[in-house]
Amino acid sequence: MRVPVSWLADYVSIEMPLEELTSRLSVSSAEIEGTERIGLPAAPENEALLRVGRVLEVSPHPNADRVRLTRVDVGEAEPRSIVCGARNFETGATVAVALPGAVLADGLRLERRAVRGELSDGMILAEDELGLGSDHGGIMLLQAAEPGTPLSELLTLSDEVLLVEATGNRADLQSIYGLAREIATLFELPLAPIAADVLPAAEPTRQLVISIDDLVGCPRYIGRLFEGVSVGPSPHWLRYRLHAAGVRPISNVVDVTNYVMLALGSPLHAFDFATLHGGRIVVRRAARGEKLTTLDGSARELLADDLVIADGEQAIALAGIMGGAETEIADRTAAVLLEAANFEPTTIFASSERHRLRTEASNRWEKGIDPHLARLAAGLATRLLLELAGGRWSAQGDVHGALPERPVVRFRPERADALLGLETAPERQYKILEALGFERREGDVLVPTWRAHDVRREIDVIEEVARFRLDDVPFTLPVRREMYGTLTRDQLLRRRVEDALVGLGFAEVYTPSLRPDEETSWRLPDPISVELTALRTSLLPSLVEAARRNLDAGARGIALFEIARVYLPGGELPEERPRLAAIAQGGFLHIKGAVESLHAYLKAEPSFERGRHPLLHPGKTAHTAAGVLGELHPTQLDGRWGVFELDLGDLFALVTEPVVYHDVISYPAVREDLALVVDETVAAGDLAALAREAAGEELREIKVFDVYRGDQVGPGRKSVAFALVFQSAERTLTEEEAQALREKVVAAAAKRFGATLRSA
């Protein structure tokens, strides 16, 4: 949010250095991301060259059709001759004038110069040249003032803007007044009241029909009708404030609604009353298939969950988000219906996400706005509309259910001292709370309505005191203890996993835990966006996307891993499981080697079984005791990629600790090759496991070095070739003993799998 300091100064005195203000606000209230200077250089010598002028004469330029000659009184003995290209003024206009030597908003320094042979001794200024807006369609026309009056007495010529990032639970800080309240409390300054109840004495004379069909979605709706309104440009002070706050000025009526939203934090809307069917307002849920063209020109099909503002026949606005094009305020508008309502946050958020429509209003409603604020916002807007757009206030309505009561919360100053470790006099604690709108009530405090949604417990009240005492907390080193915490077994093993994968050439990445909704995923009840609607059940899709981004950026030799939690459906809340996943360029054998190396580093025994996985190649997928590995299906990513995903709990269960030491065997090994022909369905891993079972401990190693399919073994059969290493810890094995062990393996394979020796 952009907060002009000059606007803040309407409510609280800004006398402290800006650096101190931003620093203390960042600690106590909201992060100040920076400041931005707008307008002209803040220098007295420059301001002296900017004056109010009165146009005395306007005549054609003898040598140019697009500019005119003027004589302007700027409070000096003689008028100034100025050449001007604007056409929106005539003799008698009061204008803003810059004299030679003045520096404008874009850094241009004016000089006396000739324009097509005629002297121009200054410049009549437009909004953008003073940094007061973006309009360059004509010069600024000012209210009548004495020629020569310093322009700074009429307009804000330079300003600082705070760039404020309020936390999600502080809707009150998304307003100028809310931030002013924090500053007043922080620096112990008086806070000016909002002049919203000073309204004209005239009583409304018409009946305005308002009905709310859904008091949950809309707890309150205030409508006020103004007739005889004149729509036109806003005065410069209002246009400037909106421009400085990052909002484009549109017209006096629309600008008033935006001004009040920024000032108080309660969004408003204005309808052209003549376009309403039946002259009535109905707040209801949309009918299925109902359509609405919003102010951005988009035709939207509404859902039954969407809350809408309707007239007697159809929806005219998406409640709390954006109005409809049909009821837009236009130059011809003579009757304005002002809406000051309150909407339930979840409803607005859900509709905003469904329609992918984020607005300044929806952003505020989603955080929860005080329903009691609607009356104050309506009052301020009423006063401004009557002042700036004329007309009369002819009807009003205020429909609401039971508005929430102010919470009463227990508060003990001594408890605050105990938790903060900092003594604060009880009277000072109550003074801080009272400045923030809390009221003292014996041993309790009455919470202000604008904080009722997030201050519900004693600890919440204590936090309010604490954040204004943080500057007083002394800097101390932590107390040294004799005993220090140690890493758990899982933490130690996780570090070993990270070290192993980094050693294998993998780089660690972090990807979001939220994914698009999937059939098996655990969907969030209130997702933050349509792309991030569910908690992920697997790490692999996120890693595939990360690899794709790296590949698109031109990276090669990509190898990534991530350790994070997945969220498995099961019950009211998802089951959280820590997982390890990796992806690397290369095929099945490449990633299988990485899994084997990881197991070896952890001193865990791997096992592999043929399997299937929706993201992996059906013939190149294996399951282990801890998860899955394989070659990524070619439809997922260009090239050959290997991936694995292991459950850390299951993986760590395989780790044997302490590691049992086996003495190095000094007797020589006997090496044998063996090729077995089996059915295609028999897994090589099953054959290897059977061989270890049949040969016993003297079979030290077994590795597959070839798999053959073809005419020599017949259809539906394959040949699996193993390299066997036999070795005894007690003696040197003879060739005959090794051959006998080999025959045991062949016999066992023949009995269990129908295996035969390959003869050729």
# chains A, B, ... in the order shown; residues from 1 in each chain; ligands from 1
call {"tool": "select_by_dssp", "arguments": {"residues": "stretch 27-148 of chain A", "states": "strand (DSSP E)", "output": "number ranges by chain"}}
result
A: 31-39, 50-61, 64-73, 80-84, 94-98, 113-115, 118-120, 123-124
call {"tool": "residues_around", "arguments": {"residues": "A:Leu539", "least_positions_apart": "2", "cutoff": "10 Å", "atoms": "only C-alpha atoms", "output": "list in words"}}
result
Thr511, Pro512, Ser513, Arg536, Thr537, Pro541, Ser542, Leu543, Val544, Phe561, Glu562, Ile563, Ala564, Arg565, Val566, Arg579, Leu580, Ala581, Ala582, Phe644, Glu645 and Leu646 of chain A
call {"tool": "write_last_selection", "arguments": {"atoms": "N, CA and C atoms", "output": "short mmCIF file (atom, residue, chain, number, x, y, z; two decimals), in the first residue's frame"}}
result
data_model
loop_
_atom_site.label_atom_id
_atom_site.label_comp_id
_atom_site.auth_asym_id
_atom_site.auth_seq_id
_atom_site.Cartn_x
_atom_site.Cartn_y
_atom_site.Cartn_z
N THR A 511 10.79 -26.61 -3.52
CA THR A 511 9.64 -26.32 -4.37
C THR A 511 8.39 -26.17 -3.49
N PRO A 512 7.35 -25.48 -3.99
CA PRO A 512 6.17 -25.22 -3.16
C PRO A 512 5.45 -26.51 -2.76
N SER A 513 4.90 -26.50 -1.56
CA SER A 513 4.12 -27.65 -1.08
C SER A 513 2.73 -27.68 -1.68
N ARG A 536 0.46 -31.28 -1.82
CA ARG A 536 0.97 -32.32 -2.72
C ARG A 536 1.09 -33.67 -2.02
N THR A 537 0.84 -34.72 -2.78
CA THR A 537 0.97 -36.08 -2.28
C THR A 537 2.25 -36.74 -2.78
N PRO A 541 6.21 -34.53 -9.24
CA PRO A 541 5.74 -33.52 -10.21
C PRO A 541 6.45 -32.17 -10.04
N SER A 542 6.72 -31.77 -8.81
CA SER A 542 7.41 -30.50 -8.58
C SER A 542 8.84 -30.56 -9.10
N LEU A 543 9.52 -31.70 -8.91
CA LEU A 543 10.89 -31.84 -9.41
C LEU A 543 10.94 -31.87 -10.93
N VAL A 544 9.94 -32.49 -11.55
CA VAL A 544 9.89 -32.50 -13.02
C VAL A 544 9.76 -31.07 -13.54
N PHE A 561 17.64 -32.76 -6.18
CA PHE A 561 16.94 -33.53 -5.17
C PHE A 561 16.24 -32.59 -4.20
N GLU A 562 15.22 -33.12 -3.53
CA GLU A 562 14.47 -32.35 -2.54
C GLU A 562 14.07 -33.26 -1.40
N ILE A 563 14.17 -32.73 -0.18
CA ILE A 563 13.65 -33.41 1.01
C ILE A 563 12.54 -32.53 1.57
N ALA A 564 11.34 -33.05 1.60
CA ALA A 564 10.19 -32.26 2.05
C ALA A 564 9.07 -33.21 2.46
N ARG A 565 8.02 -32.64 2.97
CA ARG A 565 6.87 -33.44 3.40
C ARG A 565 5.84 -33.56 2.28
N VAL A 566 5.17 -34.69 2.24
CA VAL A 566 3.98 -34.85 1.41
C VAL A 566 2.80 -35.02 2.35
N ARG A 579 9.67 -37.11 2.73
CA ARG A 579 10.08 -37.85 1.54
C ARG A 579 11.38 -37.28 0.99
N LEU A 580 12.07 -38.12 0.24
CA LEU A 580 13.25 -37.74 -0.54
C LEU A 580 12.97 -38.06 -1.98
N ALA A 581 13.18 -37.11 -2.87
CA ALA A 581 12.99 -37.36 -4.29
C ALA A 581 14.13 -36.73 -5.07
N ALA A 582 14.41 -37.30 -6.24
CA ALA A 582 15.51 -36.79 -7.07
C ALA A 582 15.18 -37.01 -8.53
N PHE A 644 13.65 -40.87 -8.60
CA PHE A 644 13.24 -41.75 -7.50
C PHE A 644 12.56 -40.91 -6.43
N GLU A 645 11.70 -41.58 -5.66
CA GLU A 645 11.06 -40.96 -4.51
C GLU A 645 10.98 -42.00 -3.41
N LEU A 646 11.58 -41.67 -2.26
CA LEU A 646 11.68 -42.61 -1.14
C LEU A 646 11.08 -41.99 0.11
#
call {"tool": "select_by_dssp", "arguments": {"residues": "stretch 422-605 of chain A", "states": "alpha helix (DSSP H)", "output": "ChimeraX atom specification"}}
result
/A:426-435,458-466,489-503,540-552,588-602
call {"tool": "closest_residue", "arguments": {"among": "A:Met1, A:Cys84, A:Val725, A:Ile222", "to": "A:Ala263", "atoms": "only C-alpha atoms"}}
result
A:Met1
call {"tool": "residues_around", "arguments": {"residues": "A:Glu498", "least_positions_apart": "4", "cutoff": "12 Å", "atoms": "only C-alpha atoms", "output": "list in words"}}
result
Gln491, Leu492, Leu493, Arg494, Val502, Gly503, Leu504, Gly505, Phe506, Ala507, Glu508, Val509, Leu560, Phe561, Glu562, Ile563, Leu580, Ala581, Ala582, Leu598, Tyr601, Leu602 and Leu648 of chain A
call {"tool": "atom_distance", "arguments": {"atom1": "atom CA of A:Glu609", "atom2": "atom CA of A:Ala622"}}
result
5.2 Å
call {"tool": "residues_around", "arguments": {"residues": "stretch 302-318 of chain A", "least_positions_apart": "2", "cutoff": "9 Å", "atoms": "only C-alpha atoms", "output": "ChimeraX atom specification"}}
result
/A:214,217-218,271,276-295,300,320-327,347-348,350-351,355
call {"tool": "residues_around", "arguments": {"residues": "stretch 231-234 of chain A", "least_positions_apart": "2", "cutoff": "6 Å", "atoms": "only C-alpha atoms", "output": "JSON, numbers by chain"}}
result
{"A": [251, 252, 331]}
call {"tool": "residues_around", "arguments": {"residues": "A:Leu163", "least_positions_apart": "5", "cutoff": "6 Å", "atoms": "only C-alpha atoms", "output": "NGL selection string"}}
result
:A and (1-2 or 32-35)
call {"tool": "write_last_selection", "arguments": {"atoms": "C-alpha atoms", "output": "PDB file, in the first residue's frame"}}
result
ATOM      1  CA  MET A   1       0.000   0.000   0.000  1.00  0.00           C
ATOM      2  CA  ARG A   2       1.221   3.494  -0.891  1.00  0.00           C
ATOM      3  CA  ILE A  32       7.866  -0.462   5.507  1.00  0.00           C
ATOM      4  CA  GLU A  33       9.494  -1.664   2.292  1.00  0.00           C
ATOM      5  CA  GLY A  34      10.847   1.788   1.466  1.00  0.00           C
ATOM      6  CA  THR A  35       9.920   5.362   0.699  1.00  0.00           C
TER       7      THR A  35
END
call {"tool": "residues_around", "arguments": {"residues": "stretch 395-407 of chain A", "least_positions_apart": "6", "cutoff": "7 Å", "atoms": "only C-alpha atoms", "output": "list of chain:residue names"}}
result
A:Pro204, A:Thr205, A:Arg206, A:Gln207, A:Leu208, A:Ile210, A:Leu215, A:Pro219, A:Arg220, A:Tyr221, A:Ile222, A:Gly223, A:Arg224, A:Leu225, A:Leu446, A:Val447, A:Pro448, A:Thr449, A:Ala452, A:Arg456
call {"tool": "closest_residue", "arguments": {"among": "A:Ala378, A:Ala691, A:Ala723, A:Ala180", "to": "A:Val745", "atoms": "only C-alpha atoms"}}
result
A:Ala691
call {"tool": "atom_distance", "arguments": {"atom1": "atom CA of A:Arg671", "atom2": "atom CA of A:Lys703"}}
result
11.5 Å
call {"tool": "closest_residue", "arguments": {"among": "A:Ser175, A:Thr275, A:Ser298, A:Asn258", "to": "A:Ala340", "atoms": "only C-alpha atoms"}}
result
A:Asn258
call {"tool": "decode", "arguments": {"residues": "stretch 267-417 of chain A", "atoms": "C-alpha atoms", "output": "tab-separated table (two decimals), in the first residue's frame"}}
result
chain	number	residue	atom	x	y	z
A	267	PRO	CA	-14.45	-0.20	0.26
A	268	LEU	CA	-17.47	1.57	-1.23
A	269	HIS	CA	-19.23	1.42	-4.58
A	270	ALA	CA	-21.43	3.84	-6.52
A	271	PHE	CA	-24.23	2.86	-8.95
A	272	ASP	CA	-26.02	4.97	-11.54
A	273	PHE	CA	-29.44	4.78	-9.89
A	274	ALA	CA	-31.32	5.42	-13.14
A	275	THR	CA	-30.07	2.09	-14.54
A	276	LEU	CA	-31.44	0.01	-11.65
A	277	HIS	CA	-34.57	-1.98	-12.49
A	278	GLY	CA	-37.27	-1.37	-9.92
A	279	GLY	CA	-35.08	1.16	-8.10
A	280	ARG	CA	-34.16	-1.41	-5.43
A	281	ILE	CA	-31.16	-3.34	-4.09
A	282	VAL	CA	-31.11	-7.07	-3.30
A	283	VAL	CA	-28.04	-8.80	-1.85
A	284	ARG	CA	-28.25	-12.50	-2.73
A	285	ARG	CA	-26.41	-15.50	-4.10
A	286	ALA	CA	-26.22	-15.74	-7.87
A	287	ALA	CA	-28.56	-17.99	-9.82
A	288	ARG	CA	-26.80	-20.84	-11.59
A	289	GLY	CA	-25.76	-19.67	-15.06
A	290	GLU	CA	-26.53	-16.02	-14.31
A	291	LYS	CA	-24.26	-13.64	-16.24
A	292	LEU	CA	-22.70	-10.30	-15.41
A	293	THR	CA	-20.43	-8.02	-17.43
A	294	THR	CA	-18.09	-6.37	-14.95
A	295	LEU	CA	-16.44	-2.97	-15.22
A	296	ASP	CA	-13.34	-4.50	-16.82
A	297	GLY	CA	-15.49	-5.49	-19.82
A	298	SER	CA	-15.44	-9.24	-19.07
A	299	ALA	CA	-18.66	-11.21	-19.42
A	300	ARG	CA	-18.70	-13.60	-16.48
A	301	GLU	CA	-20.87	-16.63	-15.84
A	302	LEU	CA	-21.70	-16.71	-12.14
A	303	LEU	CA	-21.93	-19.69	-9.84
A	304	ALA	CA	-24.42	-20.31	-7.07
A	305	ASP	CA	-21.75	-19.59	-4.45
A	306	ASP	CA	-21.09	-16.07	-5.78
A	307	LEU	CA	-22.53	-13.24	-3.71
A	308	VAL	CA	-24.00	-10.51	-5.91
A	309	ILE	CA	-25.66	-7.12	-5.62
A	310	ALA	CA	-28.82	-7.18	-7.72
A	311	ASP	CA	-31.62	-4.83	-8.64
A	312	GLY	CA	-35.22	-5.91	-9.18
A	313	GLU	CA	-34.28	-8.14	-12.15
A	314	GLN	CA	-30.59	-9.05	-12.40
A	315	ALA	CA	-27.12	-8.98	-10.85
A	316	ILE	CA	-25.47	-5.56	-11.09
A	317	ALA	CA	-22.21	-6.22	-9.19
A	318	LEU	CA	-20.01	-9.04	-7.95
A	319	ALA	CA	-20.24	-8.19	-4.25
A	320	GLY	CA	-17.07	-6.81	-2.70
A	321	ILE	CA	-15.06	-7.31	-5.89
A	322	MET	CA	-16.24	-5.28	-8.90
A	323	GLY	CA	-19.34	-3.51	-10.13
A	324	GLY	CA	-21.20	-4.17	-13.35
A	325	ALA	CA	-20.70	-2.22	-16.56
A	326	GLU	CA	-24.42	-1.50	-16.98
A	327	THR	CA	-24.67	0.55	-13.78
A	328	GLU	CA	-21.32	2.36	-14.16
A	329	ILE	CA	-21.13	6.03	-13.19
A	330	ALA	CA	-20.96	8.12	-16.38
A	331	ASP	CA	-20.97	11.80	-17.36
A	332	ARG	CA	-24.76	11.65	-17.80
A	333	THR	CA	-25.36	10.22	-14.30
A	334	ALA	CA	-27.64	12.47	-12.23
A	335	ALA	CA	-28.67	10.07	-9.42
A	336	VAL	CA	-26.08	8.05	-7.51
A	337	LEU	CA	-26.72	5.14	-5.16
A	338	LEU	CA	-23.82	4.87	-2.70
A	339	GLU	CA	-23.07	1.42	-1.25
A	340	ALA	CA	-21.32	1.10	2.11
A	341	ALA	CA	-21.56	-2.56	3.07
A	342	ASN	CA	-19.78	-5.36	4.86
A	343	PHE	CA	-18.99	-8.73	3.29
A	344	GLU	CA	-17.85	-12.05	4.78
A	345	PRO	CA	-14.14	-12.67	3.93
A	346	THR	CA	-14.29	-16.32	2.78
A	347	THR	CA	-17.12	-15.65	0.34
A	348	ILE	CA	-15.26	-12.77	-1.31
A	349	PHE	CA	-11.99	-14.72	-1.47
A	350	ALA	CA	-13.64	-17.74	-3.08
A	351	SER	CA	-15.37	-15.65	-5.78
A	352	SER	CA	-12.23	-13.62	-6.43
A	353	GLU	CA	-10.25	-16.82	-6.98
A	354	ARG	CA	-12.92	-18.47	-9.13
A	355	HIS	CA	-13.13	-15.47	-11.46
A	356	ARG	CA	-9.41	-14.64	-11.22
A	357	LEU	CA	-10.39	-11.11	-10.37
A	358	ARG	CA	-8.27	-9.35	-7.74
A	359	THR	CA	-9.15	-5.78	-6.81
A	360	GLU	CA	-8.25	-3.27	-4.11
A	361	ALA	CA	-11.69	-3.92	-2.59
A	362	SER	CA	-11.48	-7.73	-2.59
A	363	ASN	CA	-7.99	-7.59	-1.10
A	364	ARG	CA	-9.39	-5.72	1.88
A	365	TRP	CA	-12.60	-7.74	2.33
A	366	GLU	CA	-10.60	-10.99	2.37
A	367	LYS	CA	-8.78	-9.84	5.52
A	368	GLY	CA	-11.98	-9.10	7.44
A	369	ILE	CA	-13.28	-5.55	7.86
A	370	ASP	CA	-15.12	-4.18	10.87
A	371	PRO	CA	-18.90	-4.14	10.03
A	372	HIS	CA	-19.27	-1.08	12.28
A	373	LEU	CA	-16.92	0.81	9.94
A	374	ALA	CA	-19.55	0.92	7.17
A	375	ARG	CA	-21.50	3.73	8.91
A	376	LEU	CA	-18.36	5.86	9.32
A	377	ALA	CA	-17.39	5.27	5.69
A	378	ALA	CA	-20.89	6.17	4.49
A	379	GLY	CA	-20.78	9.40	6.52
A	380	LEU	CA	-17.43	10.54	5.15
A	381	ALA	CA	-18.45	9.68	1.59
A	382	THR	CA	-21.78	11.50	2.01
A	383	ARG	CA	-20.06	14.69	3.13
A	384	LEU	CA	-17.57	14.56	0.25
A	385	LEU	CA	-20.17	13.73	-2.41
A	386	LEU	CA	-22.39	16.64	-1.41
A	387	GLU	CA	-19.36	18.93	-1.31
A	388	LEU	CA	-17.78	17.84	-4.61
A	389	ALA	CA	-20.69	16.63	-6.77
A	390	GLY	CA	-23.56	18.78	-5.49
A	391	GLY	CA	-27.15	17.55	-5.46
A	392	ARG	CA	-29.18	16.45	-2.47
A	393	TRP	CA	-29.28	13.40	-0.23
A	394	SER	CA	-32.79	12.08	-0.79
A	395	ALA	CA	-32.98	8.51	0.59
A	396	GLN	CA	-31.13	6.07	2.81
A	397	GLY	CA	-31.32	2.53	4.16
A	398	ASP	CA	-29.27	0.55	6.67
A	399	VAL	CA	-30.09	-3.17	6.71
A	400	HIS	CA	-28.19	-5.56	8.96
A	401	GLY	CA	-28.47	-8.53	11.25
A	402	ALA	CA	-27.06	-8.67	14.74
A	403	LEU	CA	-23.72	-6.88	14.53
A	404	PRO	CA	-20.90	-8.51	16.51
A	405	GLU	CA	-20.33	-7.35	20.07
A	406	ARG	CA	-16.94	-6.04	21.14
A	407	PRO	CA	-14.99	-8.88	22.78
A	408	VAL	CA	-14.15	-8.54	26.46
A	409	VAL	CA	-10.75	-10.08	27.23
A	410	ARG	CA	-9.04	-10.65	30.55
A	411	PHE	CA	-5.84	-8.63	30.94
A	412	ARG	CA	-3.26	-8.71	33.73
A	413	PRO	CA	-0.39	-6.20	33.44
A	414	GLU	CA	1.79	-8.38	35.68
A	415	ARG	CA	1.28	-11.28	33.28
A	416	ALA	CA	2.51	-9.06	30.43
A	417	ASP	CA	5.66	-8.24	32.44
